[in-house]
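Below: one structure, written as structure tokens.
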Amino acid sequence: MKRRTFIKSGMAALAQLKLGEYIYLGIGTAVGAGGVAAALAMDPPPRKTKHDYSQAKRVKSVCLNCSTVCGIEGFVIDNQVVKIRGNPLDPNMGSYMTCAKGQSGPTINNYPERLLHPLKRAGARGEGLWQRITWEEAYTEIASRIQRSIDAGHPERVALHAGRSRIDAEIKRFLGAIGSPVQLNHRALCSASKRGANYISLGDTDWESIDAERCRYFLNFGSNFYEAHQGGLHLVKRMATARFDHGAKLVTFDVRLSNTAGRSDEWHAPFPGTEGAIALAMGHVIMREGEYDRRFMEHFVNLDIDEVHDFLAPYTPEWAAQQSGIAAGDIERLALEFARQRPAAAAFTNRGTGAHYNGLNSERAVVMLNALVGSVGQPGGYCYGLEEKLSASRYPQPQPVPPKPKLRTDLEDPPEWPLANRWQEMKVGQIVYDYIRQGRAKVDVYLSYTISSPMTWPEGRSTTVEVLKDESLIPFHACSDVVYSEMAHYADLILPDATYLERWGLDTRNSLELQHFVTLRQPMVQPPGEARSYADVLFDIGRRLGPQQAKYFQFGDHEAFVRHQCANIPAGNEADGFEYMKKQGVYVDRSAPKSYEVHRRPLKPELLLNARIDEVTQVIYKTNASGKEEAIGLMIEEDGIRKAVRGFQTPSRKFELYCAELVSVATTLGITDDGLPSYIPIPAHQSLPEDRFILTSFKWNVHTQARTANQKYLTEIVHDNPMWINASTAASLGLKTGDWVELTTYRPVSGPHGDQAYKGTGEPVGSERVRIFVTQGIHPRVFAVSNSLGYLVSGRAALARQGERNNEAALGQEGYGATPERDDLSASLWWDERQGGRGNGYNVNRILPINPQPLIGNQAWFDTVCSVRKVSAEEA
Ligand SMILES: Nc1nc2c(c(=O)[nH]1)N[C@H]1C(S)=C(S)[C@@H](COP(=O)(O)OP(=O)(O)OC[C@H]3O[C@@H](n4cnc5c(=O)[nH]c(N)nc54)[C@H](O)[C@@H]3O)O[C@H]1N2
Ligand SMILES: Nc1nc2c(c(=O)[nH]1)N[C@H]1C(S)=C(S)[C@@H](COP(=O)(O)OP(=O)(O)OC[C@H]3O[C@@H](n4cnc5c(=O)[nH]c(N)nc54)[C@H](O)[C@@H]3O)O[C@H]1N2
Ligand code: SF4
Ligand SMILES: [Mo]
């Protein structure tokens, strides 16, 4: 290959790349041929077209610009999605209102830097030199490599790593056919501790569905649901109603004045990771003052009231004040305010509580408060649904369905975190790259989809990139993406995907209306160029494998798969369930009552035939079809009447304050755990020297991790992420807004109870030069950065590097019609540093240490100890 002659350059040339041609997409190649001088001289982009929405075709579907997955409706004119609004039929959504990210979705479709063709790496991995190839070539390469692993007796060396993909059934089918268990994900980076706490306590669910419209008191521990949260939009809508209609109160504990904290009736900034102490002390007050719900506690908590009283006795507000810095009087007052609104009161969390070394325990302490005041399952309380998943029995798959792979590996089930995969697959994704490096598991084929680990993983651009670049560790990497990303940059093959507005899929979430529902994602328009939905790509590859694998993919394409899944959905006035879903976008099962007090539902008499009641525990057991005895309910006695009720899906059929399993699992690792919610002081935070601080991160309302920075209208709003520093701290360090500091981070340290922190040496991880923003709105010992910015490779908006595309003609090709909006990135990125803007921020994950919390493995993102040193602008 004569490199110089054939190689095109820059993201903007992607769209017109011809088969066999080469393109260079290395670091700093966002600008097209015109360059910045030409760009600065250009006229402003043409005015936007005003659309006549009444002429539009309307298509119902599901948003995926974040993991809230709202039902939406798209307006399509001339094969372009010109507007998105909410689908009010989605019970969570209930109205036309989406968030800003939802509105911005269509810009991805028309994105001038969309990946349109499969690309094959031409230079060294991570260099950025690519050649356009055909899908057939891509398929042949992937299928032959997978077949080789299968034939060698090592199907587990095929790993598929997906983020918030929403095609779990499809991925499971693909890996099931191959026989590989190695389906990796992001859950331990996200919400494993929250899910674990709900499973331990309630058993029925991983996610609470607060009955917010009827709630009178919201006690929020570290959730930023006004701008993030996996269902924030739906919670906010209902909470706003509750606050207007009956003056519901919102109290927020956040180390930072988030938009949620700012809109709360009270904001309290605790020392990081002390939420568990505060919640336990609130429990102490509630018990001491007798403000608990006797009815719920007597029947449905697996400790006696006296035992609860005793275990909470040491956790006084004064003790919690010492741990957290929150005044004892406030803890006392808030606990009583909360309890006196029972049962219309809800205490809840999100990552501010969970993403710590002690996250699982702290989460449990908060969930406990709902049990004490008996708000669990009550109108206005901490409710939970019954069916929040797409079960195969309800949404059948085409036959035959491959069996679950029997193998296991350290990569997807690391023995050091025995609870990670206990209730669902949470996987401990943050250790994957380091384990590959250590040889804990071998990978032949690495398939990545909807993740961008160089940006979003701890030690992203360090450990992660080092391993992704190393061909001896990862011999082959095929990445599916919609735009050139930092993940794609380290691949061998890039597979251009359809966006969420161009593809199929069934989706659901926990229902805030407490009734099961399902939504349909369907293409509003066809994907441009050769972009193809990843589910179809997997099925296509499956059919190219041997007959043992190919037989699972004979049903056809992804549309056929989804049609099959809809077979049991009532047809309404349509031909069948699938047609119904295409029209309505959503089906709500109103045949079952709302899931209030599910634990109190009487067991049907026929269920009790041949059942056994345990004398001591009153748990009702029954032998199932396969001869195994299983708990099905609980006997309770109320007003002198004994009755058989469903209870919770825990071993005791009660809300478990005490978890026996936790004790035994911890013991196997040599960790001391008494099975009760407890407060574990974060080892690295004890006796913190004056010049050390805690570095935390957060999500902005207009950005989703590594998903949105290419969406110009969002990045125009937030494109820079200076590090927040408290005003008094800044003064003592001699710093003001706009100054630069060198930020150094340190590894965690192990705890005194036998728990081993990952590489728990306390040694430095690395340093990064960052700009600071001085504010009153943060705890004096905490620094905070947002984590959605600072791309090194990607499109022009994400890089803040404007410049014209180098070939306008390309846009006319293959039905990818040009519109004036597509010139947007040429001359309007005013945040480009070369014209005096502030640039595109930085990504701090390179220096955030891998730090899975004990037992369950949730990444302790918000614990990182750090220090700063002022540097001059020249040094920076
Ligand atoms: N410092 C810090 N880091 C964090 C967090 C934190 O709090 N602090 N939060 C963590 C959390 S909660 C999570 S869930 C993880 C998420 O981290 P990831 O799982 O990496 O999620 P995203 O950043 O959404 O992944 C985005 C990638 O998917 C691509 N993509 C978007 N749409 C599509 C599509 O339709 N098809 C395909 N094939 N690709 C698409 C994007 O272009 C991008 O490359 O990040 C974690 N990272
Ligand atoms: N706009 C937007 N929405 C999103 C996402 C997104 O990236 N952007 N991502 C989606 C995903 S994958 C997730 S997981 C959710 C996450 O939703 P959330 O968990 O609600 O959001 P986070 O920003 O991860 O963290 C919540 C808050 O924790 C605070 N915090 C940090 N450390 C501490 C601490 O020690 N104690 C306390 N009390 N608070 C602390 C932060 O300041 C932040 O405001 O959002 C989802 N929705
Ligand atoms: S909350 Fe998330 S899923 Fe819902 S509209 Fe906004 S970006 Fe889309
Ligand atoms: Mo997440």
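In the structure tokens, the first chain shown is A, the next is B, and so on; residue numbers restart at 1 for each chain, and ligands run from 1 in the order shown.
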
Using only C-alpha atoms and all ligand atoms, what are the residues with an atom within 6 Å of ligand 3, set out as a PDB file with N, CA, C and O atoms, in the first residue's frame?
```pdb
ATOM      1  N   CYS A  63     -36.793   5.935  23.585  1.00  0.00           N
ATOM      2  CA  CYS A  63     -35.542   6.699  23.631  1.00  0.00           C
ATOM      3  C   CYS A  63     -34.433   5.831  24.253  1.00  0.00           C
ATOM      4  O   CYS A  63     -34.700   4.925  25.030  1.00  0.00           O
ATOM      5  N   LEU A  64     -33.203   6.128  23.873  1.00  0.00           N
ATOM      6  CA  LEU A  64     -32.069   5.478  24.539  1.00  0.00           C
ATOM      7  C   LEU A  64     -30.886   6.447  24.615  1.00  0.00           C
ATOM      8  O   LEU A  64     -29.745   6.063  24.529  1.00  0.00           O
ATOM      9  N   ASN A  65     -31.228   7.723  24.775  1.00  0.00           N
ATOM     10  CA  ASN A  65     -30.107   8.648  24.970  1.00  0.00           C
ATOM     11  C   ASN A  65     -29.629   8.578  26.416  1.00  0.00           C
ATOM     12  O   ASN A  65     -28.603   9.134  26.771  1.00  0.00           O
ATOM     13  N   CYS A  66     -30.411   7.911  27.261  1.00  0.00           N
ATOM     14  CA  CYS A  66     -29.894   7.480  28.560  1.00  0.00           C
ATOM     15  C   CYS A  66     -30.667   6.231  28.956  1.00  0.00           C
ATOM     16  O   CYS A  66     -31.584   5.803  28.263  1.00  0.00           O
ATOM     17  N   SER A  67     -30.322   5.657  30.090  1.00  0.00           N
ATOM     18  CA  SER A  67     -30.871   4.362  30.460  1.00  0.00           C
ATOM     19  C   SER A  67     -32.280   4.442  31.050  1.00  0.00           C
ATOM     20  O   SER A  67     -32.820   3.435  31.496  1.00  0.00           O
ATOM     21  N   THR A  68     -32.901   5.611  31.006  1.00  0.00           N
ATOM     22  CA  THR A  68     -34.280   5.726  31.494  1.00  0.00           C
ATOM     23  C   THR A  68     -35.274   5.119  30.499  1.00  0.00           C
ATOM     24  O   THR A  68     -36.385   4.748  30.870  1.00  0.00           O
ATOM     25  N   VAL A  69     -34.870   4.995  29.252  1.00  0.00           N
ATOM     26  CA  VAL A  69     -35.646   4.389  28.159  1.00  0.00           C
ATOM     27  C   VAL A  69     -37.126   4.810  28.137  1.00  0.00           C
ATOM     28  O   VAL A  69     -38.041   4.002  28.269  1.00  0.00           O
ATOM     29  N   CYS A  70     -37.351   6.097  27.892  1.00  0.00           N
ATOM     30  CA  CYS A  70     -38.709   6.649  27.849  1.00  0.00           C
ATOM     31  C   CYS A  70     -39.418   6.295  26.548  1.00  0.00           C
ATOM     32  O   CYS A  70     -38.806   6.323  25.481  1.00  0.00           O
ATOM     33  N   THR A  98     -40.144  15.282  27.280  1.00  0.00           N
ATOM     34  CA  THR A  98     -38.902  14.530  27.433  1.00  0.00           C
ATOM     35  C   THR A  98     -37.875  15.465  28.082  1.00  0.00           C
ATOM     36  O   THR A  98     -38.162  16.632  28.327  1.00  0.00           O
ATOM     37  N   CYS A  99     -36.684  14.951  28.316  1.00  0.00           N
ATOM     38  CA  CYS A  99     -35.610  15.832  28.786  1.00  0.00           C
ATOM     39  C   CYS A  99     -34.884  16.384  27.562  1.00  0.00           C
ATOM     40  O   CYS A  99     -35.186  16.025  26.429  1.00  0.00           O
ATOM     41  N   LYS A 101     -31.942  15.767  26.495  1.00  0.00           N
ATOM     42  CA  LYS A 101     -31.228  14.728  25.739  1.00  0.00           C
ATOM     43  C   LYS A 101     -32.187  13.987  24.817  1.00  0.00           C
ATOM     44  O   LYS A 101     -31.830  13.627  23.697  1.00  0.00           O
ATOM     45  N   GLY A 102     -33.394  13.776  25.287  1.00  0.00           N
ATOM     46  CA  GLY A 102     -34.388  13.124  24.441  1.00  0.00           C
ATOM     47  C   GLY A 102     -34.647  13.939  23.183  1.00  0.00           C
ATOM     48  O   GLY A 102     -34.733  13.408  22.078  1.00  0.00           O
ATOM     49  N   LEU A 233     -36.507  11.284  35.223  1.00  0.00           N
ATOM     50  CA  LEU A 233     -37.555  12.094  34.597  1.00  0.00           C
ATOM     51  C   LEU A 233     -38.926  11.703  35.136  1.00  0.00           C
ATOM     52  O   LEU A 233     -39.768  12.558  35.422  1.00  0.00           O
TER      53      LEU A 233
END
```

Given 9 Å and only C-alpha atoms and all ligand atoms, residues near ligand 4 as a ChimeraX atom specification: /A:66-67,163-164,186-191,229-230,351,705

Shell of 6 Å around Ser452 (chain A), only C-alpha atoms, local chain residues under 2 positions omitted, as a ChimeraX atom specification: /A:454-455,487

Could you write those residues out with C-alpha atoms, as an mmCIF file, in the first residue's frame?
```cif
data_model
loop_
_atom_site.group_PDB
_atom_site.id
_atom_site.type_symbol
_atom_site.label_atom_id
_atom_site.label_comp_id
_atom_site.auth_asym_id
_atom_site.auth_seq_id
_atom_site.Cartn_x
_atom_site.Cartn_y
_atom_site.Cartn_z
ATOM 1 C CA PRO A 454 -11.281 4.096 27.599
ATOM 2 C CA MET A 455 -13.448 6.994 28.762
ATOM 3 C CA MET A 487 -13.548 2.284 21.879
#
```

Shortest interatomic distance to Glu127 (chain A) - which of A:Asp674, A:Ser324, A:Val793, A:Thr508, counting only C-alpha atoms: A:Val793

Near-ligand residues for ligand 1, threshold 7 Å, only C-alpha atoms and all ligand atoms, as an NGL selection string: :A and (162-164 or 186-187 or 189-191 or 449-453 or 455-458 or 480-483 or 485-487 or 497-500 or 534 or 697-699 or 704-707 or 787 or 844-845 or 861)

Which of region 466-681 of chain A DSSP labels strand (DSSP E or B), written as a PyMOL selection string: chain A and resi 477-481+483+493-496+505-507+517-521+586-588+602+612-613+619-623+629-638+641-645+655

Contact residues around Arg838 (chain A) with only C-alpha atoms at 10 Å, ignoring same-chain residues under 4 positions, as an MDAnalysis selection string: chainID A and resid 719:721 800 830:834

Can you write out the residues you just picked, keeping N, CA, C and O atoms, as an mmCIF file, in the first residue's frame?
```
data_model
loop_
_atom_site.group_PDB
_atom_site.id
_atom_site.type_symbol
_atom_site.label_atom_id
_atom_site.label_comp_id
_atom_site.auth_asym_id
_atom_site.auth_seq_id
_atom_site.Cartn_x
_atom_site.Cartn_y
_atom_site.Cartn_z
ATOM 1 N N HIS A 719 -19.738 21.899 27.668
ATOM 2 C CA HIS A 719 -18.610 21.346 26.915
ATOM 3 C C HIS A 719 -17.325 21.371 27.727
ATOM 4 O O HIS A 719 -16.276 20.980 27.255
ATOM 5 N N ASP A 720 -17.406 21.833 28.932
ATOM 6 C CA ASP A 720 -16.198 22.034 29.712
ATOM 7 C C ASP A 720 -16.487 21.507 31.113
ATOM 8 O O ASP A 720 -17.614 21.587 31.581
ATOM 9 N N ASN A 721 -15.509 20.957 31.771
ATOM 10 C CA ASN A 721 -15.776 20.407 33.104
ATOM 11 C C ASN A 721 -14.703 20.773 34.126
ATOM 12 O O ASN A 721 -13.953 19.915 34.587
ATOM 13 N N ALA A 800 -14.451 19.764 20.126
ATOM 14 C CA ALA A 800 -14.420 21.228 20.063
ATOM 15 C C ALA A 800 -13.407 21.678 19.013
ATOM 16 O O ALA A 800 -12.557 22.535 19.258
ATOM 17 N N TRP A 830 -18.298 27.453 18.780
ATOM 18 C CA TRP A 830 -17.622 28.622 19.356
ATOM 19 C C TRP A 830 -16.787 28.275 20.587
ATOM 20 O O TRP A 830 -16.033 29.080 21.082
ATOM 21 N N TRP A 831 -16.915 27.040 21.079
ATOM 22 C CA TRP A 831 -16.100 26.661 22.234
ATOM 23 C C TRP A 831 -14.738 26.080 21.825
ATOM 24 O O TRP A 831 -13.961 25.652 22.651
ATOM 25 N N ASP A 832 -14.472 26.080 20.511
ATOM 26 C CA ASP A 832 -13.151 25.695 20.002
ATOM 27 C C ASP A 832 -12.088 26.631 20.603
ATOM 28 O O ASP A 832 -12.193 27.851 20.488
ATOM 29 N N GLU A 833 -11.083 26.043 21.249
ATOM 30 C CA GLU A 833 -10.056 26.852 21.926
ATOM 31 C C GLU A 833 -9.309 27.761 20.964
ATOM 32 O O GLU A 833 -8.829 28.829 21.342
ATOM 33 N N ARG A 834 -9.215 27.351 19.704
ATOM 34 C CA ARG A 834 -8.444 28.121 18.739
ATOM 35 C C ARG A 834 -9.125 29.434 18.377
ATOM 36 O O ARG A 834 -8.568 30.268 17.710
#
```

Residue contacts of Leu184 (chain A) (12 Å, only C-alpha atoms) excluding same-chain residues fewer than 4 positions away, as a short mmCIF file (atom, residue, chain, number, x, y, z; two decimals) with N, CA, C and O atoms, in the first residue's frame:
```cif
data_model
loop_
_atom_site.label_atom_id
_atom_site.label_comp_id
_atom_site.auth_asym_id
_atom_site.auth_seq_id
_atom_site.Cartn_x
_atom_site.Cartn_y
_atom_site.Cartn_z
N GLU A 156 -15.43 -20.12 25.51
CA GLU A 156 -15.40 -19.07 26.54
C GLU A 156 -14.35 -18.01 26.23
O GLU A 156 -14.26 -17.01 26.93
N VAL A 158 -14.54 -16.32 23.61
CA VAL A 158 -15.29 -15.30 22.88
C VAL A 158 -16.03 -14.46 23.93
O VAL A 158 -16.86 -14.98 24.67
N ALA A 159 -15.68 -13.19 24.02
CA ALA A 159 -16.30 -12.32 25.02
C ALA A 159 -17.08 -11.21 24.33
O ALA A 159 -16.62 -10.64 23.34
N LEU A 160 -18.27 -10.94 24.83
CA LEU A 160 -19.04 -9.81 24.31
C LEU A 160 -19.28 -8.82 25.45
O LEU A 160 -19.81 -9.18 26.50
N HIS A 161 -18.83 -7.62 25.24
CA HIS A 161 -18.87 -6.61 26.29
C HIS A 161 -19.82 -5.49 25.87
O HIS A 161 -19.54 -4.76 24.93
N ALA A 162 -20.95 -5.36 26.55
CA ALA A 162 -21.95 -4.36 26.16
C ALA A 162 -22.30 -3.46 27.32
O ALA A 162 -22.35 -3.90 28.47
N GLY A 163 -22.55 -2.21 27.04
CA GLY A 163 -23.04 -1.28 28.06
C GLY A 163 -24.56 -1.34 28.12
O GLY A 163 -25.15 -2.42 28.12
N ARG A 164 -25.21 -0.18 28.14
CA ARG A 164 -26.68 -0.15 28.20
C ARG A 164 -27.23 -0.49 26.82
O ARG A 164 -27.61 0.36 26.05
N SER A 165 -27.23 -1.80 26.49
CA SER A 165 -27.49 -2.22 25.12
C SER A 165 -28.97 -2.38 24.83
O SER A 165 -29.42 -2.17 23.75
N ASP A 168 -30.52 -7.56 25.51
CA ASP A 168 -29.94 -8.62 26.32
C ASP A 168 -30.34 -10.01 25.83
O ASP A 168 -29.50 -10.91 25.75
N ILE A 171 -28.35 -10.88 22.75
CA ILE A 171 -26.94 -11.17 23.04
C ILE A 171 -26.81 -12.54 23.71
O ILE A 171 -25.92 -13.33 23.38
N LYS A 172 -27.73 -12.82 24.64
CA LYS A 172 -27.70 -14.12 25.32
C LYS A 172 -27.86 -15.26 24.31
O LYS A 172 -27.22 -16.30 24.42
N LEU A 175 -24.46 -15.65 22.41
CA LEU A 175 -23.42 -16.30 23.20
C LEU A 175 -23.82 -17.71 23.60
O LEU A 175 -22.99 -18.61 23.70
N SER A 180 -20.52 -19.61 25.02
CA SER A 180 -19.67 -18.78 25.87
C SER A 180 -20.49 -18.09 26.96
O SER A 180 -21.49 -17.45 26.67
N ALA A 188 -21.29 -3.20 37.49
CA ALA A 188 -20.53 -2.93 38.71
C ALA A 188 -19.99 -1.50 38.72
O ALA A 188 -19.61 -0.98 39.76
N LEU A 189 -19.96 -0.87 37.56
CA LEU A 189 -19.54 0.53 37.53
C LEU A 189 -20.69 1.43 37.90
O LEU A 189 -20.52 2.63 38.10
N THR A 409 -15.90 -18.43 33.93
CA THR A 409 -14.51 -17.97 33.91
C THR A 409 -14.35 -16.86 34.94
O THR A 409 -15.33 -16.25 35.37
N ASP A 410 -13.12 -16.59 35.30
CA ASP A 410 -12.84 -15.53 36.27
C ASP A 410 -13.20 -14.14 35.73
O ASP A 410 -13.31 -13.19 36.48
N LEU A 411 -13.34 -14.07 34.42
CA LEU A 411 -13.63 -12.76 33.83
C LEU A 411 -15.07 -12.33 34.12
O LEU A 411 -15.33 -11.19 34.47
N GLU A 412 -16.00 -13.24 33.95
CA GLU A 412 -17.41 -12.87 34.16
C GLU A 412 -17.91 -13.25 35.54
O GLU A 412 -18.98 -12.80 35.94
N ASP A 413 -17.15 -14.08 36.25
CA ASP A 413 -17.59 -14.47 37.58
C ASP A 413 -16.39 -14.57 38.52
O ASP A 413 -16.04 -15.65 38.98
N PRO A 414 -15.77 -13.43 38.83
CA PRO A 414 -14.55 -13.48 39.64
C PRO A 414 -14.86 -13.93 41.07
O PRO A 414 -15.74 -13.35 41.71
N ASN A 421 -22.70 -11.87 41.11
CA ASN A 421 -23.64 -12.52 40.20
C ASN A 421 -24.68 -13.34 40.96
O ASN A 421 -25.26 -14.27 40.42
N GLU A 425 -26.74 -10.66 36.84
CA GLU A 425 -25.37 -10.59 36.36
C GLU A 425 -24.82 -9.18 36.51
O GLU A 425 -25.22 -8.27 35.82
N MET A 426 -23.92 -9.01 37.46
CA MET A 426 -23.34 -7.69 37.65
C MET A 426 -21.84 -7.68 37.30
O MET A 426 -21.26 -6.64 37.03
N LYS A 427 -21.21 -8.86 37.35
CA LYS A 427 -19.93 -9.10 36.65
C LYS A 427 -18.63 -8.44 37.10
O LYS A 427 -17.58 -8.86 36.69
N VAL A 428 -18.63 -7.34 37.83
CA VAL A 428 -17.39 -6.67 38.22
C VAL A 428 -16.55 -6.28 36.99
O VAL A 428 -15.36 -6.61 36.88
N GLY A 429 -17.20 -5.54 36.09
CA GLY A 429 -16.57 -5.18 34.81
C GLY A 429 -15.27 -4.41 34.93
O GLY A 429 -14.44 -4.45 34.02
N GLN A 430 -15.05 -3.74 36.05
CA GLN A 430 -13.87 -2.88 36.12
C GLN A 430 -12.56 -3.67 36.25
O GLN A 430 -11.49 -3.12 36.03
N ILE A 431 -12.65 -4.96 36.60
CA ILE A 431 -11.39 -5.73 36.73
C ILE A 431 -11.05 -6.48 35.44
O ILE A 431 -9.99 -7.11 35.35
N VAL A 432 -11.96 -6.41 34.45
CA VAL A 432 -11.80 -7.24 33.26
C VAL A 432 -10.44 -7.06 32.58
O VAL A 432 -9.73 -8.04 32.31
N TYR A 433 -10.07 -5.80 32.33
CA TYR A 433 -8.84 -5.60 31.57
C TYR A 433 -7.61 -6.01 32.38
O TYR A 433 -6.67 -6.59 31.85
N TYR A 446 -12.92 -10.39 21.07
CA TYR A 446 -13.53 -9.41 21.98
C TYR A 446 -14.49 -8.56 21.16
O TYR A 446 -14.07 -7.85 20.23
N LEU A 447 -15.77 -8.69 21.46
CA LEU A 447 -16.79 -7.92 20.74
C LEU A 447 -17.31 -6.84 21.67
O LEU A 447 -17.76 -7.14 22.78
N SER A 448 -17.23 -5.59 21.25
CA SER A 448 -17.71 -4.52 22.13
C SER A 448 -18.89 -3.80 21.48
O SER A 448 -18.96 -3.65 20.26
N TYR A 449 -19.80 -3.36 22.34
CA TYR A 449 -21.05 -2.76 21.85
C TYR A 449 -21.58 -1.77 22.89
O TYR A 449 -21.72 -2.13 24.06
N THR A 450 -21.82 -0.56 22.48
CA THR A 450 -22.35 0.49 23.37
C THR A 450 -21.55 0.64 24.68
O THR A 450 -22.14 0.90 25.72
N ILE A 451 -20.25 0.45 24.59
CA ILE A 451 -19.43 0.89 25.73
C ILE A 451 -18.23 1.64 25.18
O ILE A 451 -17.82 1.42 24.04
N SER A 453 -15.06 2.06 27.13
CA SER A 453 -14.31 1.90 28.37
C SER A 453 -13.06 2.79 28.49
O SER A 453 -12.69 3.13 29.60
#
```

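CA of Gly105 (chain A) lies 17.2 Å from CA of Asp78 (chain A).
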
DSSP alpha helix (DSSP H) residues within region 99-235 of chain A, listed as a VMD selection string: chain A and resid 100 to 104 106 to 109 135 to 151 168 to 178 187 to 190 192 to 201 232 to 235

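Between CA of Ile694 (chain A) and CA of Ala731 (chain A) there is a distance of 17.4 Å.
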